[in-house]
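target-v8.cif, holding mmCIF, N, CA and C atoms:
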```
data_run
loop_
_atom_site.label_atom_id
_atom_site.label_comp_id
_atom_site.auth_asym_id
_atom_site.auth_seq_id
_atom_site.Cartn_x
_atom_site.Cartn_y
_atom_site.Cartn_z
N VAL A 209 -14.09 -18.72 -12.44
CA VAL A 209 -13.50 -17.39 -12.40
C VAL A 209 -12.05 -17.47 -12.86
N GLN A 210 -11.72 -16.65 -13.83
CA GLN A 210 -10.33 -16.55 -14.28
C GLN A 210 -9.79 -15.19 -13.84
N LEU A 211 -8.55 -15.21 -13.34
CA LEU A 211 -7.96 -14.00 -12.77
C LEU A 211 -6.69 -13.65 -13.52
N GLN A 212 -6.51 -12.36 -13.78
CA GLN A 212 -5.33 -11.87 -14.50
C GLN A 212 -4.73 -10.72 -13.70
N ALA A 213 -3.58 -10.96 -13.11
CA ALA A 213 -2.90 -9.94 -12.32
C ALA A 213 -1.95 -9.14 -13.18
N SER A 214 -1.80 -7.87 -12.85
CA SER A 214 -0.88 -6.99 -13.58
C SER A 214 -0.43 -5.87 -12.67
N GLY A 215 0.55 -5.10 -13.14
CA GLY A 215 0.99 -3.92 -12.41
C GLY A 215 2.32 -4.06 -11.70
N GLY A 216 2.89 -5.23 -11.72
CA GLY A 216 4.19 -5.41 -11.08
C GLY A 216 5.30 -4.70 -11.85
N GLY A 217 6.46 -4.63 -11.22
CA GLY A 217 7.59 -3.99 -11.86
C GLY A 217 8.71 -3.75 -10.89
N LEU A 218 9.67 -2.97 -11.33
CA LEU A 218 10.84 -2.62 -10.52
C LEU A 218 10.64 -1.21 -9.97
N VAL A 219 10.83 -1.07 -8.67
CA VAL A 219 10.66 0.22 -8.03
C VAL A 219 11.71 0.37 -6.94
N GLN A 220 12.11 1.60 -6.68
CA GLN A 220 13.06 1.84 -5.60
C GLN A 220 12.35 1.82 -4.25
N ALA A 221 13.11 1.51 -3.23
CA ALA A 221 12.57 1.53 -1.88
C ALA A 221 11.95 2.90 -1.59
N GLY A 222 10.78 2.86 -0.96
CA GLY A 222 10.04 4.08 -0.68
C GLY A 222 9.03 4.43 -1.76
N GLY A 223 9.11 3.76 -2.88
CA GLY A 223 8.20 4.03 -3.98
C GLY A 223 6.88 3.32 -3.85
N SER A 224 6.06 3.45 -4.89
CA SER A 224 4.70 2.90 -4.88
C SER A 224 4.41 2.13 -6.16
N LEU A 225 3.53 1.18 -6.04
CA LEU A 225 2.98 0.45 -7.18
C LEU A 225 1.53 0.13 -6.88
N ARG A 226 0.74 0.00 -7.93
CA ARG A 226 -0.63 -0.48 -7.77
C ARG A 226 -0.82 -1.72 -8.61
N LEU A 227 -1.14 -2.81 -7.95
CA LEU A 227 -1.44 -4.04 -8.65
C LEU A 227 -2.94 -4.11 -8.94
N SER A 228 -3.25 -4.70 -10.06
CA SER A 228 -4.64 -4.93 -10.44
C SER A 228 -4.86 -6.40 -10.72
N CYS A 229 -6.06 -6.85 -10.49
CA CYS A 229 -6.43 -8.23 -10.80
C CYS A 229 -7.81 -8.21 -11.42
N ALA A 230 -7.86 -8.49 -12.71
CA ALA A 230 -9.13 -8.49 -13.43
C ALA A 230 -9.70 -9.89 -13.47
N ALA A 231 -10.97 -9.99 -13.18
CA ALA A 231 -11.64 -11.28 -13.15
C ALA A 231 -12.63 -11.40 -14.29
N SER A 232 -12.71 -12.58 -14.83
CA SER A 232 -13.70 -12.85 -15.86
C SER A 232 -14.96 -13.41 -15.22
N GLY A 233 -16.05 -13.42 -15.94
CA GLY A 233 -17.27 -14.00 -15.44
C GLY A 233 -18.15 -13.02 -14.71
N ARG A 234 -19.36 -13.47 -14.41
CA ARG A 234 -20.36 -12.60 -13.80
C ARG A 234 -20.46 -12.78 -12.30
N THR A 235 -19.59 -13.60 -11.72
CA THR A 235 -19.73 -13.92 -10.30
C THR A 235 -18.67 -13.25 -9.44
N PHE A 236 -17.97 -12.26 -9.98
CA PHE A 236 -16.89 -11.62 -9.22
C PHE A 236 -17.40 -11.10 -7.89
N SER A 237 -18.54 -10.45 -7.88
CA SER A 237 -19.04 -9.83 -6.66
C SER A 237 -19.46 -10.83 -5.60
N SER A 238 -19.54 -12.10 -5.95
CA SER A 238 -19.89 -13.13 -4.98
C SER A 238 -18.67 -13.79 -4.37
N HIS A 239 -17.49 -13.30 -4.72
CA HIS A 239 -16.24 -13.87 -4.22
C HIS A 239 -15.50 -12.90 -3.32
N ASN A 240 -15.01 -13.41 -2.21
CA ASN A 240 -14.01 -12.69 -1.43
C ASN A 240 -12.70 -12.76 -2.19
N MET A 241 -11.93 -11.70 -2.13
CA MET A 241 -10.70 -11.62 -2.90
C MET A 241 -9.50 -11.42 -1.99
N GLY A 242 -8.38 -11.98 -2.41
CA GLY A 242 -7.17 -11.84 -1.61
C GLY A 242 -5.93 -11.66 -2.47
N TRP A 243 -4.91 -11.14 -1.85
CA TRP A 243 -3.57 -11.04 -2.45
C TRP A 243 -2.60 -11.84 -1.58
N PHE A 244 -1.78 -12.62 -2.23
CA PHE A 244 -0.72 -13.37 -1.58
C PHE A 244 0.59 -13.02 -2.28
N ARG A 245 1.70 -13.37 -1.65
CA ARG A 245 2.99 -13.17 -2.29
C ARG A 245 3.93 -14.31 -1.92
N GLN A 246 4.88 -14.53 -2.81
CA GLN A 246 5.88 -15.57 -2.58
C GLN A 246 7.24 -15.03 -2.98
N ALA A 247 8.11 -14.90 -2.00
CA ALA A 247 9.47 -14.46 -2.24
C ALA A 247 10.33 -15.68 -2.58
N PRO A 248 11.45 -15.49 -3.27
CA PRO A 248 12.31 -16.61 -3.62
C PRO A 248 12.73 -17.41 -2.40
N GLY A 249 12.54 -18.71 -2.47
CA GLY A 249 12.94 -19.59 -1.39
C GLY A 249 12.03 -19.58 -0.19
N LYS A 250 10.90 -18.89 -0.29
CA LYS A 250 9.98 -18.81 0.85
C LYS A 250 8.61 -19.34 0.47
N GLU A 251 7.81 -19.62 1.48
CA GLU A 251 6.45 -20.10 1.24
C GLU A 251 5.54 -18.92 0.86
N ARG A 252 4.44 -19.28 0.21
CA ARG A 252 3.46 -18.26 -0.15
C ARG A 252 2.88 -17.66 1.13
N GLU A 253 2.73 -16.34 1.13
CA GLU A 253 2.31 -15.60 2.33
C GLU A 253 1.06 -14.79 2.03
N PHE A 254 0.11 -14.81 2.95
CA PHE A 254 -1.06 -13.96 2.84
C PHE A 254 -0.66 -12.50 3.00
N VAL A 255 -1.23 -11.62 2.16
CA VAL A 255 -0.94 -10.19 2.24
C VAL A 255 -2.18 -9.41 2.67
N ALA A 256 -3.28 -9.58 1.96
CA ALA A 256 -4.48 -8.81 2.26
C ALA A 256 -5.69 -9.49 1.63
N ALA A 257 -6.85 -9.19 2.19
CA ALA A 257 -8.09 -9.72 1.63
C ALA A 257 -9.20 -8.70 1.80
N ILE A 258 -10.22 -8.84 0.95
CA ILE A 258 -11.36 -7.94 1.00
C ILE A 258 -12.62 -8.75 0.76
N SER A 259 -13.67 -8.38 1.48
CA SER A 259 -14.93 -9.12 1.39
C SER A 259 -15.67 -8.78 0.10
N ARG A 260 -16.75 -9.49 -0.11
CA ARG A 260 -17.51 -9.38 -1.36
C ARG A 260 -17.94 -7.95 -1.67
N THR A 261 -18.40 -7.24 -0.66
CA THR A 261 -18.87 -5.87 -0.88
C THR A 261 -17.79 -4.82 -0.61
N GLY A 262 -16.66 -5.25 -0.12
CA GLY A 262 -15.57 -4.33 0.22
C GLY A 262 -15.65 -3.78 1.63
N GLY A 263 -16.62 -4.24 2.39
CA GLY A 263 -16.81 -3.70 3.73
C GLY A 263 -15.82 -4.21 4.76
N LEU A 264 -15.20 -5.33 4.48
CA LEU A 264 -14.24 -5.91 5.43
C LEU A 264 -12.90 -6.11 4.75
N THR A 265 -11.84 -5.80 5.44
CA THR A 265 -10.50 -6.04 4.95
C THR A 265 -9.64 -6.58 6.09
N VAL A 266 -8.58 -7.27 5.72
CA VAL A 266 -7.61 -7.74 6.71
C VAL A 266 -6.24 -7.74 6.03
N TYR A 267 -5.21 -7.43 6.81
CA TYR A 267 -3.85 -7.33 6.29
C TYR A 267 -2.88 -8.08 7.18
N VAL A 268 -1.84 -8.58 6.57
CA VAL A 268 -0.73 -9.10 7.37
C VAL A 268 -0.06 -7.90 8.03
N ASP A 269 0.47 -8.12 9.24
CA ASP A 269 1.01 -7.00 10.01
C ASP A 269 2.11 -6.24 9.28
N SER A 270 2.89 -6.93 8.50
CA SER A 270 4.05 -6.30 7.86
C SER A 270 3.67 -5.27 6.80
N VAL A 271 2.43 -5.24 6.35
CA VAL A 271 2.02 -4.28 5.32
C VAL A 271 0.98 -3.28 5.81
N LYS A 272 0.53 -3.45 7.04
CA LYS A 272 -0.48 -2.53 7.58
C LYS A 272 0.03 -1.10 7.55
N GLY A 273 -0.83 -0.20 7.09
CA GLY A 273 -0.45 1.21 6.99
C GLY A 273 0.28 1.56 5.72
N ARG A 274 0.71 0.56 4.97
CA ARG A 274 1.43 0.81 3.70
C ARG A 274 0.65 0.33 2.49
N PHE A 275 -0.05 -0.78 2.62
CA PHE A 275 -0.81 -1.36 1.51
C PHE A 275 -2.30 -1.16 1.75
N THR A 276 -3.04 -1.00 0.65
CA THR A 276 -4.49 -0.89 0.72
C THR A 276 -5.12 -1.75 -0.36
N ILE A 277 -6.01 -2.63 0.06
CA ILE A 277 -6.75 -3.46 -0.88
C ILE A 277 -8.11 -2.82 -1.13
N SER A 278 -8.54 -2.85 -2.37
CA SER A 278 -9.85 -2.30 -2.72
C SER A 278 -10.41 -3.09 -3.90
N ARG A 279 -11.67 -2.88 -4.20
CA ARG A 279 -12.27 -3.59 -5.32
C ARG A 279 -13.31 -2.71 -5.98
N ASP A 280 -13.51 -2.97 -7.26
CA ASP A 280 -14.55 -2.31 -8.03
C ASP A 280 -15.38 -3.40 -8.68
N ASN A 281 -16.51 -3.72 -8.10
CA ASN A 281 -17.31 -4.83 -8.61
C ASN A 281 -17.89 -4.53 -9.99
N ALA A 282 -18.07 -3.27 -10.32
CA ALA A 282 -18.57 -2.91 -11.65
C ALA A 282 -17.54 -3.22 -12.73
N LYS A 283 -16.26 -3.20 -12.34
CA LYS A 283 -15.17 -3.48 -13.28
C LYS A 283 -14.57 -4.86 -13.09
N ASN A 284 -15.14 -5.64 -12.16
CA ASN A 284 -14.61 -6.99 -11.89
C ASN A 284 -13.11 -6.96 -11.59
N THR A 285 -12.70 -6.01 -10.79
CA THR A 285 -11.27 -5.83 -10.53
C THR A 285 -11.02 -5.58 -9.06
N VAL A 286 -9.94 -6.18 -8.57
CA VAL A 286 -9.44 -5.92 -7.22
C VAL A 286 -8.06 -5.30 -7.35
N TYR A 287 -7.76 -4.40 -6.44
CA TYR A 287 -6.50 -3.65 -6.50
C TYR A 287 -5.70 -3.85 -5.21
N LEU A 288 -4.41 -3.65 -5.33
CA LEU A 288 -3.54 -3.58 -4.16
C LEU A 288 -2.63 -2.38 -4.35
N GLN A 289 -2.92 -1.30 -3.63
CA GLN A 289 -2.07 -0.13 -3.64
C GLN A 289 -0.96 -0.32 -2.64
N MET A 290 0.28 -0.25 -3.11
CA MET A 290 1.43 -0.51 -2.25
C MET A 290 2.29 0.75 -2.18
N ASN A 291 2.38 1.31 -1.00
CA ASN A 291 3.18 2.51 -0.78
C ASN A 291 4.34 2.20 0.16
N SER A 292 5.30 3.09 0.20
CA SER A 292 6.47 2.94 1.08
C SER A 292 7.06 1.55 0.95
N LEU A 293 7.27 1.13 -0.26
CA LEU A 293 7.76 -0.22 -0.51
C LEU A 293 9.16 -0.42 0.06
N LYS A 294 9.40 -1.65 0.51
CA LYS A 294 10.68 -2.04 1.10
C LYS A 294 11.26 -3.19 0.30
N PRO A 295 12.57 -3.37 0.35
CA PRO A 295 13.16 -4.51 -0.36
C PRO A 295 12.54 -5.85 0.04
N GLU A 296 12.12 -5.98 1.28
CA GLU A 296 11.52 -7.25 1.73
C GLU A 296 10.12 -7.47 1.16
N ASP A 297 9.58 -6.50 0.45
CA ASP A 297 8.30 -6.69 -0.25
C ASP A 297 8.51 -7.38 -1.62
N THR A 298 9.75 -7.56 -2.01
CA THR A 298 10.04 -8.21 -3.29
C THR A 298 9.49 -9.62 -3.30
N ALA A 299 8.66 -9.92 -4.30
CA ALA A 299 8.02 -11.22 -4.39
C ALA A 299 7.17 -11.27 -5.65
N VAL A 300 6.71 -12.46 -5.97
CA VAL A 300 5.64 -12.60 -6.95
C VAL A 300 4.32 -12.47 -6.20
N TYR A 301 3.46 -11.59 -6.67
CA TYR A 301 2.18 -11.34 -6.03
C TYR A 301 1.07 -12.02 -6.82
N TYR A 302 0.23 -12.73 -6.09
CA TYR A 302 -0.87 -13.48 -6.68
C TYR A 302 -2.20 -12.97 -6.14
N CYS A 303 -3.18 -12.86 -7.02
CA CYS A 303 -4.53 -12.59 -6.54
C CYS A 303 -5.29 -13.92 -6.52
N ALA A 304 -6.29 -13.98 -5.65
CA ALA A 304 -7.04 -15.21 -5.47
C ALA A 304 -8.48 -14.88 -5.12
N ALA A 305 -9.37 -15.81 -5.45
CA ALA A 305 -10.80 -15.63 -5.20
C ALA A 305 -11.33 -16.79 -4.39
N ALA A 306 -12.16 -16.47 -3.41
CA ALA A 306 -12.75 -17.48 -2.54
C ALA A 306 -14.27 -17.37 -2.58
N SER A 307 -14.93 -18.47 -2.87
CA SER A 307 -16.39 -18.46 -2.92
C SER A 307 -17.00 -18.69 -1.55
N ARG A 308 -16.23 -19.25 -0.64
CA ARG A 308 -16.78 -19.57 0.68
C ARG A 308 -16.69 -18.36 1.60
N LEU A 309 -17.38 -18.47 2.73
CA LEU A 309 -17.28 -17.43 3.74
C LEU A 309 -15.87 -17.44 4.33
N LEU A 310 -15.32 -16.27 4.57
CA LEU A 310 -14.03 -16.15 5.21
C LEU A 310 -14.19 -15.38 6.53
N PRO A 311 -13.36 -15.66 7.51
CA PRO A 311 -13.57 -15.06 8.83
C PRO A 311 -13.22 -13.57 8.92
N PHE A 312 -12.28 -13.11 8.14
CA PHE A 312 -11.85 -11.70 8.19
C PHE A 312 -11.55 -11.27 9.62
N THR A 313 -10.83 -12.13 10.34
CA THR A 313 -10.46 -11.80 11.71
C THR A 313 -8.96 -11.55 11.82
N THR A 314 -8.17 -12.57 11.58
CA THR A 314 -6.72 -12.43 11.66
C THR A 314 -6.09 -12.90 10.34
N PRO A 315 -4.89 -12.43 10.04
CA PRO A 315 -4.22 -12.92 8.84
C PRO A 315 -4.07 -14.44 8.84
N GLN A 316 -3.85 -15.01 10.02
CA GLN A 316 -3.66 -16.45 10.11
C GLN A 316 -4.92 -17.22 9.72
N SER A 317 -6.07 -16.60 9.79
CA SER A 317 -7.32 -17.25 9.44
C SER A 317 -7.63 -17.20 7.95
N MET A 318 -6.76 -16.55 7.17
CA MET A 318 -7.03 -16.34 5.74
C MET A 318 -6.07 -17.15 4.89
N SER A 319 -5.89 -18.41 5.21
CA SER A 319 -4.89 -19.23 4.55
C SER A 319 -5.22 -19.48 3.08
N ALA A 320 -4.20 -19.78 2.32
CA ALA A 320 -4.34 -19.99 0.88
C ALA A 320 -5.27 -21.14 0.54
N THR A 321 -5.40 -22.10 1.44
CA THR A 321 -6.26 -23.26 1.17
C THR A 321 -7.73 -22.91 1.07
N LYS A 322 -8.10 -21.71 1.51
CA LYS A 322 -9.50 -21.32 1.49
C LYS A 322 -9.89 -20.65 0.18
N TYR A 323 -8.95 -20.50 -0.73
CA TYR A 323 -9.20 -19.82 -2.00
C TYR A 323 -9.33 -20.84 -3.13
N ASP A 324 -10.28 -20.58 -4.03
CA ASP A 324 -10.61 -21.53 -5.08
C ASP A 324 -9.91 -21.24 -6.41
N TYR A 325 -9.66 -19.98 -6.68
CA TYR A 325 -9.12 -19.58 -7.99
C TYR A 325 -7.91 -18.67 -7.77
N TRP A 326 -6.92 -18.83 -8.67
CA TRP A 326 -5.67 -18.09 -8.55
C TRP A 326 -5.30 -17.47 -9.89
N GLY A 327 -4.72 -16.27 -9.83
CA GLY A 327 -4.14 -15.65 -11.00
C GLY A 327 -2.72 -16.15 -11.22
N GLN A 328 -2.09 -15.68 -12.27
CA GLN A 328 -0.78 -16.19 -12.66
C GLN A 328 0.37 -15.54 -11.92
N GLY A 329 0.16 -14.46 -11.23
CA GLY A 329 1.23 -13.79 -10.50
C GLY A 329 1.85 -12.66 -11.28
N THR A 330 2.28 -11.64 -10.55
CA THR A 330 3.00 -10.51 -11.14
C THR A 330 4.17 -10.18 -10.23
N LEU A 331 5.34 -9.98 -10.82
CA LEU A 331 6.57 -9.82 -10.05
C LEU A 331 6.75 -8.37 -9.61
N VAL A 332 7.00 -8.19 -8.33
CA VAL A 332 7.33 -6.89 -7.75
C VAL A 332 8.76 -6.97 -7.22
N THR A 333 9.61 -6.08 -7.70
CA THR A 333 10.99 -6.03 -7.25
C THR A 333 11.26 -4.65 -6.68
N VAL A 334 11.70 -4.62 -5.43
CA VAL A 334 12.00 -3.35 -4.76
C VAL A 334 13.49 -3.28 -4.53
N SER A 335 14.13 -2.30 -5.12
CA SER A 335 15.58 -2.16 -4.97
C SER A 335 15.90 -1.22 -3.80
N SER A 336 17.02 -1.49 -3.17
CA SER A 336 17.42 -0.68 -2.01
C SER A 336 18.25 0.53 -2.43
#
```
Can you give me the file's structure in the form of structure tokens?
Amino acid sequence: VQLQASGGGLVQAGGSLRLSCAASGRTFSSHNMGWFRQAPGKEREFVAAISRTGGLTVYVDSVKGRFTISRDNAKNTVYLQMNSLKPEDTAVYYCAAASRLLPFTTPQSMSATKYDYWGQGTLVTVSS
């Protein structure tokens, strides 16, 4: 699976962006998908994940109520709608695909080590 993330950019605090991640291959629907982010000088952080059929989602607490992850298996694409953006959301955002079962219980259970494929990242900058 090859992943291509897009949609990043510069936005003012309170604004919105929608990230997209297009996947190649015919096995997209068999993968759980996730979004991670890495701010300068910080470790990569889990943001959100969605199950193969879209029936399960999980979010890190800091984005709950502001971000929404969704997927369109017919288009081999996963999205991250980001609303009410804050300067602390500034980071490079990565999409990732996991072929294994994921717990979809807590953000802490969705670590980056459980994902098999990664996109190249797209930069989101939120100005104050």
Could you state the separation of atom CA of A:Val334 and atom CA of A:Leu264 in Å, given to one decimal place?
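Value for the atom CA of A:Val334-atom CA of A:Leu264 distance: 28.3 Å.
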What is the distance between atom CA of A:Val268 and atom CA of A:Arg234, in Å to one decimal?
29.1 Å
Got a sec: who's within 5 Å of stretch 281-290 of chain A, counting all atoms listed in the file, leaving out chain neighbours fewer than 3 positions off, as a PyMOL selection string?
chain A and resi 224-231+274-278
Would you compute, for all listed atoms of stretch 285-297 of chain A, the axis-aligned bounding box grown by 6 Å on each side, and then report its centre and edge lengths in Å rounded to one decimal, as lines of an AutoDock Vina configuration file?
```
center_x = 0.2
center_y = -2.2
center_z = -4.5
size_x = 37.9
size_y = 22.6
size_z = 24.5
```
Go through A:Leu309, A:Tyr301, A:Pro315, A:Gly249 one by one, measure the shortest atom-to-atom distance of each to A:Gln328 using only N, CA and C atoms, and give the residue with the smallest value.
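Distance minimum relative to A:Gln328 lands on A:Tyr301.
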With distances taken over only C-alpha atoms, which residue among A:Tyr302, A:Ser317, A:Met241, A:Ile258 lies nearest A:Ser214?
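Of all the options, A:Tyr302 lies closest to A:Ser214.
Close contacts of A:Thr314, defined as residues with an atom at most 12 Å away when counting only C-alpha atoms, with chain neighbours fewer than 5 positions off set aside, comprise A:Phe254, A:Val255, A:Ala256, A:Ala257, A:Leu264, A:Thr265, A:Val266, A:Tyr267, A:Val268, A:Asp269, A:Ser319.
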Could you state the separation of atom C of A:Leu218 and atom C of A:Pro248 in Å, given to one decimal place?
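Here the two named atoms are 18.0 Å from each other.
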Nearest to A:Ala305, chosen from A:Gln210, A:Asn291, A:Asn240, A:Thr321, with all atoms listed in the file counted in the distances
A:Asn240
The PyMOL selection byres ((chain A and resi 326) around 7) on the file shown: which residues, as a list in words?
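Selected by the PyMOL selection byres ((chain A and resi 326) around 7) here: Val209, Gln210, Leu211, Gln212, Tyr302, Cys303, Ala304, Ala305, Tyr323, Asp324, Tyr325, Gly327, Gln328 and Gly329 of chain A.
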Between A:Thr313, A:Gly222, A:Thr333, A:Thr261, which residue has the minimum interatomic distance to A:Gln246, considering only C-alpha atoms?
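The shortest atom-to-atom distance to A:Gln246 comes from A:Thr333.
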Of the candidates A:Ser232, A:Ser237, A:Gln220, A:Ser259, which one gets nearest to A:Pro311 if we count only C-alpha atoms?
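That would be A:Ser259, the residue with the smallest distance to A:Pro311.
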Since fewer atoms than expected are present, regenerate all heavy atoms for stretch 269-278 of chain A and write them as a compact mmCIF listing (two decimals), keeping the file's coordinate frame.
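What landed in out_34.txt:
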```txt
# COMPACT_ATOMS: atom_id res chain seq x y z
N ASP A 269 0.47 -8.12 9.24
CA ASP A 269 1.01 -7.00 10.01
C ASP A 269 2.11 -6.24 9.28
O ASP A 269 2.22 -5.02 9.41
CB ASP A 269 1.55 -7.52 11.35
CG ASP A 269 0.44 -7.91 12.31
OD1 ASP A 269 -0.73 -7.58 12.04
OD2 ASP A 269 0.75 -8.57 13.33
N SER A 270 2.89 -6.93 8.50
CA SER A 270 4.05 -6.30 7.86
C SER A 270 3.67 -5.27 6.80
O SER A 270 4.53 -4.48 6.39
CB SER A 270 4.96 -7.36 7.24
OG SER A 270 4.25 -8.11 6.28
N VAL A 271 2.43 -5.24 6.35
CA VAL A 271 2.02 -4.28 5.32
C VAL A 271 0.98 -3.28 5.81
O VAL A 271 0.60 -2.37 5.07
CB VAL A 271 1.49 -4.98 4.05
CG1 VAL A 271 2.49 -6.03 3.55
CG2 VAL A 271 0.12 -5.59 4.27
N LYS A 272 0.53 -3.45 7.04
CA LYS A 272 -0.48 -2.53 7.58
C LYS A 272 0.03 -1.10 7.55
O LYS A 272 1.16 -0.82 7.92
CB LYS A 272 -0.83 -2.93 9.01
CG LYS A 272 -1.80 -4.08 9.13
CD LYS A 272 -2.14 -4.35 10.59
CE LYS A 272 -3.10 -5.51 10.71
NZ LYS A 272 -3.38 -5.83 12.14
N GLY A 273 -0.83 -0.20 7.09
CA GLY A 273 -0.45 1.21 6.99
C GLY A 273 0.28 1.56 5.72
O GLY A 273 0.49 2.75 5.43
N ARG A 274 0.71 0.56 4.97
CA ARG A 274 1.43 0.81 3.70
C ARG A 274 0.65 0.33 2.49
O ARG A 274 0.72 0.94 1.43
CB ARG A 274 2.79 0.11 3.73
CG ARG A 274 3.70 0.56 4.85
CD ARG A 274 5.11 -0.03 4.70
NE ARG A 274 5.13 -1.47 4.74
CZ ARG A 274 5.62 -2.24 3.76
NH1 ARG A 274 6.12 -1.69 2.67
NH2 ARG A 274 5.62 -3.56 3.89
N PHE A 275 -0.05 -0.78 2.62
CA PHE A 275 -0.81 -1.36 1.51
C PHE A 275 -2.30 -1.16 1.75
O PHE A 275 -2.77 -1.19 2.89
CB PHE A 275 -0.54 -2.86 1.40
CG PHE A 275 0.83 -3.25 0.95
CD1 PHE A 275 1.87 -2.33 0.87
CD2 PHE A 275 1.10 -4.56 0.59
CE1 PHE A 275 3.13 -2.70 0.45
CE2 PHE A 275 2.36 -4.95 0.16
CZ PHE A 275 3.38 -4.02 0.10
N THR A 276 -3.04 -1.00 0.65
CA THR A 276 -4.49 -0.89 0.72
C THR A 276 -5.12 -1.75 -0.36
O THR A 276 -4.79 -1.61 -1.54
CB THR A 276 -4.95 0.57 0.52
OG1 THR A 276 -4.35 1.41 1.52
CG2 THR A 276 -6.47 0.67 0.65
N ILE A 277 -6.01 -2.63 0.06
CA ILE A 277 -6.75 -3.46 -0.88
C ILE A 277 -8.11 -2.82 -1.13
O ILE A 277 -8.74 -2.28 -0.21
CB ILE A 277 -6.89 -4.90 -0.38
CG1 ILE A 277 -7.48 -5.80 -1.47
CG2 ILE A 277 -7.71 -4.96 0.91
CD1 ILE A 277 -7.43 -7.30 -1.11
N SER A 278 -8.54 -2.85 -2.37
CA SER A 278 -9.85 -2.30 -2.72
C SER A 278 -10.41 -3.09 -3.90
O SER A 278 -9.68 -3.88 -4.51
CB SER A 278 -9.76 -0.82 -3.07
OG SER A 278 -8.92 -0.62 -4.20
```
